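Okay, query-v2.txt now, which holds compact mmCIF, C-alpha atoms:
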# COMPACT_ATOMS: atom_id res chain seq x y z
CA MET A 557 -9.32 -18.91 -6.25
CA ALA A 558 -8.29 -20.83 -3.15
CA ALA A 559 -10.44 -23.71 -2.00
CA THR A 560 -12.64 -23.12 1.02
CA THR A 561 -12.42 -25.69 3.80
CA VAL A 562 -15.19 -25.70 6.37
CA TYR A 563 -13.85 -27.39 9.51
CA GLN A 564 -17.00 -26.65 11.46
CA LYS A 565 -20.06 -24.64 10.54
CA PRO A 566 -20.31 -21.47 12.66
CA SER A 567 -23.82 -22.54 13.75
CA GLU A 568 -22.45 -25.90 14.94
CA PHE A 569 -19.67 -24.13 16.83
CA ILE A 570 -22.21 -21.90 18.61
CA ARG A 571 -24.38 -24.93 19.41
CA SER A 572 -21.43 -26.91 20.77
CA ALA A 573 -20.32 -23.96 22.92
CA CYS A 574 -23.85 -23.20 24.16
CA GLY A 575 -25.03 -26.61 25.23
CA GLY A 576 -26.64 -27.82 22.03
CA GLN A 577 -28.72 -24.84 20.92
CA ILE A 578 -28.19 -21.40 19.48
CA PRO A 579 -29.17 -18.73 22.04
CA PRO A 580 -30.76 -15.45 20.87
CA THR A 581 -28.34 -13.37 18.84
CA ARG A 582 -27.10 -10.19 20.51
CA MET A 583 -25.55 -7.26 18.81
CA LEU A 584 -22.91 -4.78 19.82
CA THR A 585 -22.80 -1.50 17.92
CA LEU A 586 -19.25 -0.25 17.88
CA THR A 587 -18.65 3.37 18.86
CA ALA A 588 -15.87 5.50 17.39
CA VAL A 589 -13.79 4.74 20.51
CA ASP A 590 -14.33 1.00 20.04
CA GLN A 591 -13.35 1.25 16.38
CA SER A 592 -10.22 3.13 17.32
CA ARG A 593 -9.24 0.57 20.01
CA ILE A 594 -9.92 -2.33 17.64
CA LYS A 595 -7.88 -0.60 14.95
CA ARG A 596 -4.95 -0.57 17.38
CA LEU A 597 -5.47 -4.25 18.23
CA LEU A 598 -5.73 -5.33 14.61
CA GLY A 599 -3.34 -2.87 13.07
CA HIS A 600 -5.93 -1.77 10.54
CA GLU A 601 -9.52 -0.51 10.24
CA TYR A 602 -12.25 -2.88 11.38
CA ARG A 603 -15.00 -2.58 8.78
CA PRO A 604 -18.20 -3.83 10.44
CA SER A 605 -19.85 -1.36 12.77
CA LYS A 606 -22.00 -4.07 14.34
CA VAL A 607 -20.80 -7.31 15.91
CA ARG A 608 -22.98 -10.32 16.65
CA TYR A 609 -22.41 -12.51 19.65
CA TRP A 610 -24.17 -15.17 21.67
CA MET A 611 -24.28 -15.66 25.44
CA SER A 612 -24.37 -18.92 27.32
CA GLY A 613 -24.37 -18.02 30.99
CA ARG A 614 -21.29 -15.83 31.47
CA ARG A 615 -19.63 -17.14 28.36
CA MET A 616 -19.58 -15.03 25.24
CA VAL A 617 -19.39 -16.83 21.89
CA ILE A 618 -18.27 -14.79 18.92
CA ILE A 619 -17.43 -15.52 15.29
CA LEU A 620 -14.76 -13.26 13.81
CA GLU A 621 -13.19 -12.92 10.40
CA GLU A 622 -9.74 -11.60 9.57
CA VAL A 623 -7.73 -11.78 6.38
CA GLY A 624 -4.68 -14.05 6.59
CA LYS A 625 -2.81 -13.28 3.40
CA THR A 626 -5.59 -12.63 0.90
CA GLN A 627 -8.64 -14.47 2.18
CA PRO A 628 -10.71 -14.12 5.37
CA ILE A 629 -10.24 -16.74 8.07
CA THR A 630 -13.41 -17.46 10.06
CA THR A 631 -12.72 -18.35 13.68
CA GLY A 632 -14.92 -18.99 16.70
CA TYR A 633 -13.93 -17.71 20.15
CA VAL A 634 -15.44 -18.42 23.56
CA VAL A 635 -14.58 -15.82 26.19
CA SER A 636 -15.52 -16.17 29.82
CA GLY A 637 -14.62 -13.83 32.67
CA GLY A 638 -12.17 -11.89 30.52
CA LYS A 639 -10.26 -15.04 29.55
CA ILE A 640 -10.24 -17.01 26.33
CA GLU A 641 -11.82 -20.39 26.94
CA GLN A 642 -11.86 -21.86 23.46
CA VAL A 643 -10.62 -21.06 19.97
CA ARG A 644 -11.64 -23.00 16.90
CA LEU A 645 -10.79 -22.45 13.26
CA LEU A 646 -14.11 -22.75 11.40
CA ILE A 647 -13.56 -21.80 7.77
CA TYR A 648 -10.19 -21.55 6.02
CA ARG A 649 -9.87 -20.09 2.54
CA GLU A 650 -6.11 -19.57 2.10
CA THR A 651 -3.99 -22.06 0.16
CA ILE A 652 -1.38 -22.56 2.88
CA GLY A 653 -1.31 -22.13 6.64
CA ALA A 654 -4.28 -24.25 7.73
CA GLU A 655 -2.05 -25.78 10.44
CA VAL A 656 -3.51 -23.15 12.76
CA ARG A 657 -6.56 -25.41 13.04
CA ARG A 658 -4.55 -27.88 15.20
CA THR A 659 -5.60 -28.04 18.82
CA SER A 660 -1.93 -27.90 19.85
CA PHE A 661 -1.95 -24.40 18.37
CA THR A 662 -5.42 -23.20 19.45
CA ASN A 663 -4.89 -24.50 23.01
CA GLN A 664 -2.18 -21.85 23.42
CA PHE A 665 -4.96 -19.23 23.62
CA LYS A 666 -6.66 -20.88 26.60
CA GLY A 667 -6.70 -18.65 29.64
CA GLY A 668 -5.31 -15.71 27.67
CA THR A 669 -6.31 -12.25 28.82
CA LEU A 670 -5.97 -8.81 27.25
CA GLY A 671 -3.25 -6.74 28.83
CA SER A 672 -3.49 -2.97 29.20
CA ASN A 673 -0.88 -2.72 26.44
CA GLY A 674 -3.32 -4.51 24.09
CA LYS A 675 -1.28 -7.72 24.05
CA LEU A 676 -2.38 -11.26 24.85
CA SER A 677 -1.10 -12.56 28.18
CA SER A 678 -0.51 -16.03 26.73
CA ARG A 679 2.45 -16.52 24.43
CA ILE A 680 1.36 -17.78 21.01
CA ASN A 681 4.12 -19.65 19.21
CA ASN A 682 4.26 -19.14 15.49
CA ILE A 683 3.82 -22.03 13.07
CA ALA A 684 6.39 -22.07 10.29
CA GLY A 685 4.65 -21.45 6.97
CA ALA A 686 1.53 -20.13 8.69
CA THR A 687 2.84 -16.83 10.03
CA LEU A 688 0.05 -14.68 8.60
CA SER A 689 -2.68 -17.08 9.78
CA THR A 690 -1.08 -17.19 13.25
CA ARG A 691 -1.08 -13.40 13.31
CA ALA A 692 -4.72 -13.24 12.16
CA LEU A 693 -5.90 -15.65 14.89
CA THR A 694 -3.91 -13.79 17.55
CA GLU A 695 -5.32 -10.43 16.47
CA MET A 696 -8.86 -11.83 16.46
CA GLY A 697 -8.24 -13.25 19.94
CA ARG A 698 -7.35 -9.77 21.17
CA VAL A 699 -10.48 -8.32 19.52
CA ALA A 700 -12.68 -11.06 21.06
CA LEU A 701 -11.34 -10.19 24.52
CA TYR A 702 -11.87 -6.48 23.92
CA LEU A 703 -15.44 -7.03 22.71
CA ASP A 704 -16.13 -9.09 25.84
CA GLN A 705 -14.97 -6.10 27.90
CA VAL A 706 -17.21 -3.59 26.13
CA ARG A 707 -20.36 -5.67 25.55
CA PRO A 708 -23.46 -4.58 27.46
CA ARG A 709 -23.80 -6.32 30.87
CA MET B 244 53.57 -53.18 -40.17
CA SER B 245 50.48 -51.54 -39.03
CA GLU B 246 47.96 -50.51 -41.59
CA GLU B 247 46.33 -47.17 -41.17
CA ARG B 248 42.65 -47.68 -40.36
CA PRO B 249 40.32 -45.85 -42.70
CA ARG B 250 38.74 -42.93 -40.88
CA LYS B 251 34.96 -42.76 -40.72
CA LYS B 252 33.63 -40.31 -43.19
CA ARG B 253 31.58 -37.63 -41.53
CA PRO B 254 29.06 -35.67 -43.55
CA LYS B 255 30.74 -32.44 -44.43
CA GLY B 256 29.41 -29.46 -42.49
CA GLY B 257 26.98 -31.62 -40.40
CA LEU B 258 27.68 -29.96 -37.09
CA ARG B 259 27.62 -26.55 -38.65
CA ARG B 260 24.23 -27.27 -40.26
CA TRP B 261 22.81 -28.39 -36.89
CA HIS B 262 24.23 -25.31 -35.20
CA ARG B 263 22.69 -23.09 -37.85
CA SER B 264 19.24 -24.77 -37.76
CA ILE B 265 18.93 -24.82 -33.97
CA GLY B 266 20.08 -21.20 -33.85
CA ALA B 267 17.50 -20.19 -36.46
CA VAL B 268 14.62 -22.04 -34.77
CA PHE B 269 15.37 -20.70 -31.29
CA ALA B 270 16.41 -17.18 -32.28
CA LEU B 271 13.04 -15.66 -31.38
CA PRO B 272 12.50 -17.46 -28.04
CA LEU B 273 16.10 -16.55 -27.13
CA LEU B 274 15.48 -12.93 -27.99
CA TRP B 275 12.31 -13.04 -25.89
CA LEU B 276 14.26 -14.45 -22.91
CA MET B 277 17.06 -11.92 -23.26
CA VAL B 278 14.77 -8.90 -23.62
CA SER B 279 12.53 -9.95 -20.71
CA GLY B 280 15.64 -10.74 -18.64
CA LEU B 281 17.06 -7.29 -19.32
CA LEU B 282 13.72 -5.67 -18.42
CA LEU B 283 13.61 -7.60 -15.14
CA GLN B 284 17.19 -6.65 -14.38
CA HIS B 285 16.24 -2.97 -14.66
CA GLN B 286 12.66 -3.12 -13.38
CA ASP B 287 13.34 -0.63 -10.59
CA THR B 288 14.83 1.91 -12.97
CA LEU B 289 12.03 1.42 -15.46
CA GLY B 290 9.40 1.53 -12.71
CA LEU B 291 7.86 -1.77 -13.80
CA ASP B 292 7.06 -2.66 -10.19
CA GLN B 293 4.95 0.51 -9.96
CA LYS B 294 3.26 0.58 -13.37
CA MET B 295 -0.13 -1.14 -13.33
CA VAL B 296 -1.44 -3.33 -16.13
CA LYS B 297 -4.42 -1.66 -17.79
CA SER B 298 -5.04 -4.24 -20.48
CA ALA B 299 -8.29 -6.18 -20.08
CA SER B 300 -7.07 -9.07 -22.25
CA LEU B 301 -3.92 -9.49 -20.15
CA LEU B 302 -5.96 -9.40 -16.96
CA LYS B 303 -8.27 -12.06 -18.42
CA LEU B 304 -5.20 -14.28 -18.81
CA TYR B 305 -4.67 -13.88 -15.06
CA ASP B 306 -8.34 -14.69 -14.33
CA GLN B 307 -8.81 -11.19 -12.95
CA ILE B 308 -11.74 -10.63 -15.28
CA PRO B 309 -14.36 -13.40 -15.41
CA ASP B 310 -15.44 -14.91 -18.73
CA ALA B 311 -19.13 -15.26 -17.87
CA ASP B 312 -21.58 -12.36 -17.94
CA PRO B 313 -22.27 -10.48 -14.70
CA VAL B 314 -25.68 -10.47 -13.03
CA THR B 315 -27.16 -7.19 -11.89
CA THR B 316 -30.13 -5.76 -10.07
CA SER B 317 -31.29 -2.22 -9.38
CA VAL B 318 -32.44 -1.50 -5.85
CA GLY B 319 -33.31 2.01 -4.76
CA ARG B 320 -30.56 4.24 -6.12
CA PHE B 321 -28.03 1.41 -6.14
CA MET B 322 -26.98 -0.87 -8.96
CA VAL B 323 -25.79 -4.12 -7.38
CA ALA B 324 -23.83 -6.60 -9.46
CA GLY B 325 -22.22 -9.99 -8.99
CA TRP B 326 -19.52 -11.26 -11.28
CA GLY B 327 -17.34 -14.32 -10.83
CA GLY B 328 -17.83 -14.31 -7.04
CA MET B 329 -17.14 -10.57 -6.74
CA LEU B 330 -19.78 -8.08 -5.62
CA PHE B 331 -20.21 -4.52 -6.85
CA VAL B 332 -22.31 -1.57 -5.73
CA ASP B 333 -22.52 0.89 -8.61
CA ASP B 334 -18.91 0.98 -9.86
CA ARG B 335 -17.32 0.02 -6.55
CA ILE B 336 -15.88 -3.45 -5.85
CA LEU B 337 -16.93 -4.68 -2.43
CA GLU B 338 -14.54 -6.50 -0.15
CA GLU B 339 -17.28 -9.03 0.51
CA SER B 340 -17.77 -11.84 -1.97
CA GLY B 341 -20.19 -14.57 -2.94
CA THR B 342 -22.72 -15.54 -5.58
CA LEU B 343 -25.26 -12.74 -5.85
CA VAL B 344 -28.86 -13.81 -5.26
CA GLY B 345 -30.48 -10.40 -4.95
CA ALA B 346 -30.65 -7.20 -2.95
CA VAL B 347 -33.20 -4.99 -1.25
CA ALA B 348 -33.09 -1.37 -0.12
CA ARG B 349 -34.71 -0.46 3.19
CA PRO B 350 -34.86 3.11 4.42
CA GLY B 351 -31.22 3.90 5.15
CA GLU B 352 -29.96 0.38 4.44
CA LEU B 353 -28.96 -1.78 1.54
CA VAL B 354 -29.08 -5.56 2.05
CA ILE B 355 -27.22 -7.76 -0.41
CA ALA B 356 -27.92 -11.49 -0.43
CA THR B 357 -25.45 -14.07 -1.65
CA THR B 358 -26.09 -17.80 -1.53
CA GLY B 359 -24.25 -18.10 1.79
CA GLU B 360 -24.41 -14.68 3.48
CA LEU B 361 -26.28 -11.41 3.79
CA PHE B 362 -24.37 -8.13 3.88
CA VAL B 363 -25.83 -4.92 5.25
CA TYR B 364 -24.65 -1.45 4.18
CA ASP B 365 -25.81 2.01 5.14
CA ALA B 366 -27.26 4.58 2.73
CA GLN B 367 -23.73 5.68 1.78
CA GLY B 368 -22.76 2.10 0.98
CA GLU B 369 -20.61 1.71 4.13
CA TYR B 370 -20.41 -1.82 5.51
CA LEU B 371 -22.47 -2.36 8.66
CA ASP B 372 -23.12 -6.02 9.33
CA ARG B 373 -22.81 -9.54 8.05
CA LEU B 374 -25.26 -12.39 8.56
CA GLY B 375 -23.55 -15.69 8.10
CA GLU B 376 -24.99 -19.18 8.06
CA GLU B 377 -25.33 -18.99 11.86
CA SER B 378 -27.73 -16.04 11.60
CA LEU B 379 -29.85 -17.28 8.72
CA PRO B 380 -32.72 -19.80 8.61
CA ALA B 381 -30.73 -21.97 6.17
CA VAL B 382 -28.29 -21.73 3.30
CA PRO B 383 -28.22 -21.46 0.35
CA VAL B 384 -30.38 -18.37 0.18
CA GLU B 385 -32.58 -18.66 -2.89
CA ARG B 386 -34.17 -15.21 -3.06
CA ILE B 387 -34.62 -12.04 -1.07
CA GLY B 388 -37.58 -9.70 -0.96
CA LEU B 389 -39.15 -6.82 0.90
CA ASP B 390 -42.70 -6.36 2.15
CA GLU B 391 -44.71 -3.17 2.56
CA SER B 392 -43.41 -2.63 6.10
CA HIS B 393 -39.81 -2.88 4.82
CA ARG B 394 -39.20 -6.25 6.45
CA VAL B 395 -36.70 -8.49 4.68
CA HIS B 396 -38.00 -11.86 3.47
CA LEU B 397 -35.79 -14.80 2.60
CA GLN B 398 -36.52 -17.93 0.63
CA THR B 399 -34.20 -20.79 1.53
CA SER B 400 -34.30 -24.57 1.51
CA ALA B 401 -35.91 -24.27 4.96
CA GLY B 402 -38.82 -22.29 3.53
CA HIS B 403 -39.97 -18.70 3.56
CA HIS B 404 -38.83 -16.61 6.53
CA VAL B 405 -39.04 -12.99 7.54
CA LEU B 406 -36.16 -11.34 9.37
CA GLY B 407 -36.58 -9.18 12.47
CA ARG B 408 -35.97 -5.43 12.35
CA ASP B 409 -32.32 -5.65 13.45
CA PHE B 410 -31.76 -8.94 11.64
CA LEU B 411 -31.15 -10.56 15.01
CA ASN B 412 -33.87 -13.17 14.59
CA PHE B 413 -36.21 -14.60 11.99
CA GLU B 414 -39.56 -16.31 11.91
CA THR B 415 -41.55 -18.34 9.42
CA ALA B 416 -43.46 -16.00 7.14
CA PRO B 417 -47.21 -16.23 7.60
CA GLY B 418 -47.82 -16.46 3.87
CA GLU B 419 -46.62 -15.16 0.54
CA GLY B 420 -48.43 -11.82 1.21
CA ALA B 421 -47.26 -8.80 -0.70
CA VAL B 422 -43.55 -9.55 -0.91
CA ALA B 423 -41.61 -7.87 -3.69
CA TRP B 424 -38.99 -10.50 -4.48
CA ASN B 425 -35.86 -9.15 -6.05
CA THR B 426 -34.51 -10.80 -9.17
CA VAL B 427 -31.09 -10.56 -10.77
CA GLU B 428 -30.65 -10.30 -14.52
CA VAL B 429 -27.76 -10.91 -16.85
CA GLY B 430 -26.07 -7.52 -17.12
CA ARG B 431 -24.54 -7.47 -20.59
CA GLU B 432 -24.89 -3.69 -20.75
CA GLU B 433 -23.12 -3.20 -17.42
CA LYS B 434 -20.32 -5.62 -18.33
CA ALA B 435 -18.14 -2.96 -19.96
CA SER B 436 -18.29 -0.55 -17.01
CA LEU B 437 -17.71 -3.38 -14.51
CA GLN B 438 -14.74 -4.55 -16.57
CA GLU B 439 -13.40 -1.01 -16.49
CA THR B 440 -13.74 -1.00 -12.69
CA LEU B 441 -11.84 -4.29 -12.48
CA VAL B 442 -9.08 -2.99 -14.75
CA GLU B 443 -8.76 0.17 -12.64
CA ASN B 444 -8.53 -1.82 -9.42
CA ALA B 445 -6.58 -4.85 -10.60
CA GLY B 446 -3.33 -3.93 -8.86
CA PHE B 447 -1.27 -6.01 -11.29
CA THR B 448 2.17 -4.63 -12.01
CA TRP B 449 4.08 -5.00 -15.26
CA SER B 450 6.89 -6.48 -13.21
CA ARG B 451 4.76 -9.58 -12.57
CA VAL B 452 3.80 -9.87 -16.24
CA ILE B 453 7.44 -9.62 -17.40
CA THR B 454 8.47 -12.21 -14.76
CA ASP B 455 5.79 -14.57 -16.06
CA LEU B 456 6.82 -13.86 -19.65
CA HIS B 457 10.43 -14.64 -18.77
CA SER B 458 9.54 -17.91 -17.06
CA GLY B 459 6.96 -18.74 -19.74
CA SER B 460 4.23 -19.28 -17.16
CA LEU B 461 2.07 -16.57 -18.74
CA LEU B 462 1.38 -19.07 -21.53
CA GLY B 463 0.82 -21.94 -19.12
CA LYS B 464 2.45 -25.35 -19.56
CA VAL B 465 3.23 -24.68 -23.22
CA GLY B 466 5.12 -21.50 -22.29
CA ARG B 467 7.13 -23.22 -19.56
CA PHE B 468 7.95 -26.09 -21.95
CA LEU B 469 9.09 -23.61 -24.60
CA VAL B 470 11.39 -21.88 -22.07
CA ASP B 471 12.80 -25.29 -21.04
CA LEU B 472 13.37 -26.18 -24.66
CA THR B 473 15.07 -22.82 -25.30
CA GLY B 474 17.34 -23.47 -22.31
CA ILE B 475 18.30 -26.88 -23.66
CA ALA B 476 18.85 -25.33 -27.10
CA VAL B 477 21.28 -22.82 -25.60
CA ILE B 478 23.26 -25.68 -23.99
CA VAL B 479 23.32 -27.65 -27.27
CA LEU B 480 24.34 -24.56 -29.26
CA THR B 481 27.17 -23.86 -26.81
CA LEU B 482 28.49 -27.43 -26.99
CA LEU B 483 28.20 -27.51 -30.77
CA GLY B 484 29.93 -24.13 -30.98
CA ILE B 485 32.86 -25.32 -28.83
CA ARG B 486 33.13 -28.51 -30.89
CA LEU B 487 33.15 -26.52 -34.14
CA LEU B 488 35.78 -24.16 -32.74
CA PHE B 489 38.10 -27.03 -31.76
CA ARG B 490 37.62 -28.73 -35.11
CA ARG B 491 38.54 -25.53 -36.99
CA ASN B 492 41.61 -25.07 -34.80
CA SER B 493 42.78 -28.67 -35.43
CA GLN B 494 42.21 -28.25 -39.19
CA LYS B 495 44.33 -25.05 -39.14
CA THR B 496 47.18 -26.87 -37.33
CA LYS B 497 47.20 -29.66 -39.95
Would you encode the structure as structure tokens?
Amino acid sequence: MAATTVYQKPSEFIRSACGGQIPPTRMLTLTAVDQSRIKRLLGHEYRPSKVRYWMSGRRMVIILEEVGKTQPITTGYVVSGGKIEQVRLLIYRETIGAEVRRTSFTNQFKGGTLGSNGKLSSRINNIAGATLSTRALTEMGRVALYLDQVRPR
Amino acid sequence: MSEERPRKKRPKGGLRRWHRSIGAVFALPLLWLMVSGLLLQHQDTLGLDQKMVKSASLLKLYDQIPDADPVTTSVGRFMVAGWGGMLFVDDRILEESGTLVGAVARPGELVIATTGELFVYDAQGEYLDRLGEESLPAVPVERIGLDESHRVHLQTSAGHHVLGRDFLNFETAPGEGAVAWNTVEVGREEKASLQETLVENAGFTWSRVITDLHSGSLLGKVGRFLVDLTGIAVIVLTLLGIRLLFRRNSQKTK
């Protein structure tokens, strides 16, 4: 089994994005329409029917998981005003491809929005040897933006 | 006048003996390489890339079946098991993983606790929600229990907490009260059926096994060394064979 590397605990990520404390957890129950939209964004079924998120002012903090090659990659996203503000790789379990943790890579997501065609407005350059991890983070970015659109206001 | 120098006497049939001995020793490994090579060459025709391995002992070699015993617990109508980091509900392998601590069944929900996460499923066993470290009082989770009002209790390094109805928050439990803590037990009886489930779902093709047999990696370092040695033996046998052929030809000419 591949070794698990924790770059930042999800709780620490939420704290750092929410001014030092974890705000009350909120939950979004996904409808059949949401599941179908997310399926299109991910390219496969999204298993959880409930998604947890945290609010700090207008900023939504969300922790998502998506399989890279065989193992789930845990990533934290901060979305504000329909744009990605921050992306951070939190837990990596694959054997290769952890280069996606680099800020030079994650900074590409900054300011990205979700187009009507379901694509990210910002161009995400692939990292050689980390294609599947790049794809997983990009797909999760799209889902984070979609969830920000459909969360209760 | 030049005197003819006496030629060194070579042991009669030395090369031939070497050729024979090396050939005899490496006949079986060579046969193994040739047969596995032929099988790989025709794996599409033979359907080896489609046929799944159903042998538990072979799958154990690939660490697909753990050596240790599984742990199990019965909650409601579910049998929850943990084995080598994998989680099972009845005879179904879950996509979620972790070291099983326990499980509780609330009306319409099954909650499985691992040391690092809690997973929530509906009454049909469909995945609903995941509570990671960020949603728990602390990790590792030590035990999970249920009180009379179907509230989930957790024991962690941070103490005894009770989770809110939707698992969105938690608070320190007022006291031990009437909490039914769930315990996991070594499931020797369930081991066979769990192993069967793993064999059924392994997804290992014969193509991979034959490839690993051909490269020797199925037997680890020893296997790879043996394949290397067989390769060297083939080179030596070829060189010896050519040498013997030339020697016979020169003897014929004389």
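Among the candidates B:Pro313, B:Gly459, B:Gly319, B:Gly407, the one nearest to chain A when counting only C-alpha atoms is B:Gly407.
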Next item on the list: Check every residue of chain A for an atom within 9 Å of chain B, counting only C-alpha atoms, and provide those that qualify as a ChimeraX atom specification.
Entry: /A:565-568,570,578,580-583,603-608
Check: With only C-alpha atoms as the atoms that count, which of B:Glu385, B:Glu432, B:Asp390, B:Glu443 lies nearest to Gly420 (chain B)?
Finding: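 Ranking B:Glu385, B:Glu432, B:Asp390, B:Glu443 by distance to Gly420 (chain B), first place goes to B:Asp390.
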Notebook entry, point to check: Looking at all atoms listed in the file, which of B:Val278, B:Ala356, B:Leu441, B:Ile485 is the one that sits closest to Leu258 (chain B)?
Noted result: B:Ile485
Margin query: I'd like the neighbourhood of His403 (chain B) as number ranges by chain, where a residue qualifies if any of its atoms comes within 7 Å (using all atoms listed in the file), though same-chain residues fewer than 3 positions away should be ignored.
Written below: B: 397-399, 415-416
Next item on the list: Using only C-alpha atoms, determine which residues lie at most 12 Å from Ser592 (chain A), disregarding the query and same-chain residues fewer than 2 positions distant; provide the list as a ChimeraX atom specification.
Entry: /A:586-590,594-603,605,699,702
Would you save the residues from that selection as a PDB file, keeping the file's coordinate frame, using C-alpha atoms?
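again08.pdb, written as the output of this step:
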ATOM      1  CA  LEU A 586     -19.250  -0.250  17.880  1.00  0.00           C
ATOM      2  CA  THR A 587     -18.650   3.370  18.860  1.00  0.00           C
ATOM      3  CA  ALA A 588     -15.870   5.500  17.390  1.00  0.00           C
ATOM      4  CA  VAL A 589     -13.790   4.740  20.510  1.00  0.00           C
ATOM      5  CA  ASP A 590     -14.330   1.000  20.040  1.00  0.00           C
ATOM      6  CA  ILE A 594      -9.920  -2.330  17.640  1.00  0.00           C
ATOM      7  CA  LYS A 595      -7.880  -0.600  14.950  1.00  0.00           C
ATOM      8  CA  ARG A 596      -4.950  -0.570  17.380  1.00  0.00           C
ATOM      9  CA  LEU A 597      -5.470  -4.250  18.230  1.00  0.00           C
ATOM     10  CA  LEU A 598      -5.730  -5.330  14.610  1.00  0.00           C
ATOM     11  CA  GLY A 599      -3.340  -2.870  13.070  1.00  0.00           C
ATOM     12  CA  HIS A 600      -5.930  -1.770  10.540  1.00  0.00           C
ATOM     13  CA  GLU A 601      -9.520  -0.510  10.240  1.00  0.00           C
ATOM     14  CA  TYR A 602     -12.250  -2.880  11.380  1.00  0.00           C
ATOM     15  CA  ARG A 603     -15.000  -2.580   8.780  1.00  0.00           C
ATOM     16  CA  SER A 605     -19.850  -1.360  12.770  1.00  0.00           C
ATOM     17  CA  VAL A 699     -10.480  -8.320  19.520  1.00  0.00           C
ATOM     18  CA  TYR A 702     -11.870  -6.480  23.920  1.00  0.00           C
TER      19      TYR A 702
END
Margin query: Restricting the calculation to only C-alpha atoms: of A:Arg571, A:Val635, A:Met696, A:Asn682, which residue gets closest to Thr669 (chain A)?
Written below: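 The shortest atom-to-atom distance to Thr669 (chain A) comes from A:Val635.
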Starting from the incomplete input, reconstruct N, CA and C atoms of region 410-421 of chain B and write that as a compact mmCIF listing (two decimals), keeping the file's coordinate frame.
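The file below, part32.txt, is the result:
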# COMPACT_ATOMS: atom_id res chain seq x y z
N PHE B 410 -32.32 -7.71 12.22
CA PHE B 410 -31.76 -8.94 11.64
C PHE B 410 -31.21 -9.87 12.72
N LEU B 411 -31.68 -9.73 13.95
CA LEU B 411 -31.15 -10.56 15.01
C LEU B 411 -31.90 -11.89 15.10
N ASN B 412 -33.10 -11.91 14.57
CA ASN B 412 -33.87 -13.17 14.59
C ASN B 412 -34.69 -13.28 13.30
N PHE B 413 -35.35 -14.39 13.17
CA PHE B 413 -36.21 -14.60 11.99
C PHE B 413 -37.35 -15.52 12.40
N GLU B 414 -38.42 -15.42 11.65
CA GLU B 414 -39.56 -16.31 11.91
C GLU B 414 -40.15 -16.76 10.59
N THR B 415 -40.92 -17.84 10.65
CA THR B 415 -41.55 -18.34 9.42
C THR B 415 -42.57 -17.31 8.96
N ALA B 416 -42.53 -17.01 7.67
CA ALA B 416 -43.46 -16.00 7.14
C ALA B 416 -44.87 -16.56 7.15
N PRO B 417 -45.84 -15.73 7.52
CA PRO B 417 -47.21 -16.23 7.60
C PRO B 417 -47.76 -16.68 6.24
N GLY B 418 -47.34 -16.08 5.21
CA GLY B 418 -47.82 -16.46 3.87
C GLY B 418 -47.05 -15.66 2.84
N GLU B 419 -47.34 -15.87 1.59
CA GLU B 419 -46.62 -15.16 0.54
C GLU B 419 -46.84 -13.65 0.66
N GLY B 420 -48.10 -13.23 1.00
CA GLY B 420 -48.43 -11.82 1.21
C GLY B 420 -47.97 -10.96 0.05
N ALA B 421 -47.70 -9.71 0.36
CA ALA B 421 -47.26 -8.80 -0.70
C ALA B 421 -45.76 -8.60 -0.59
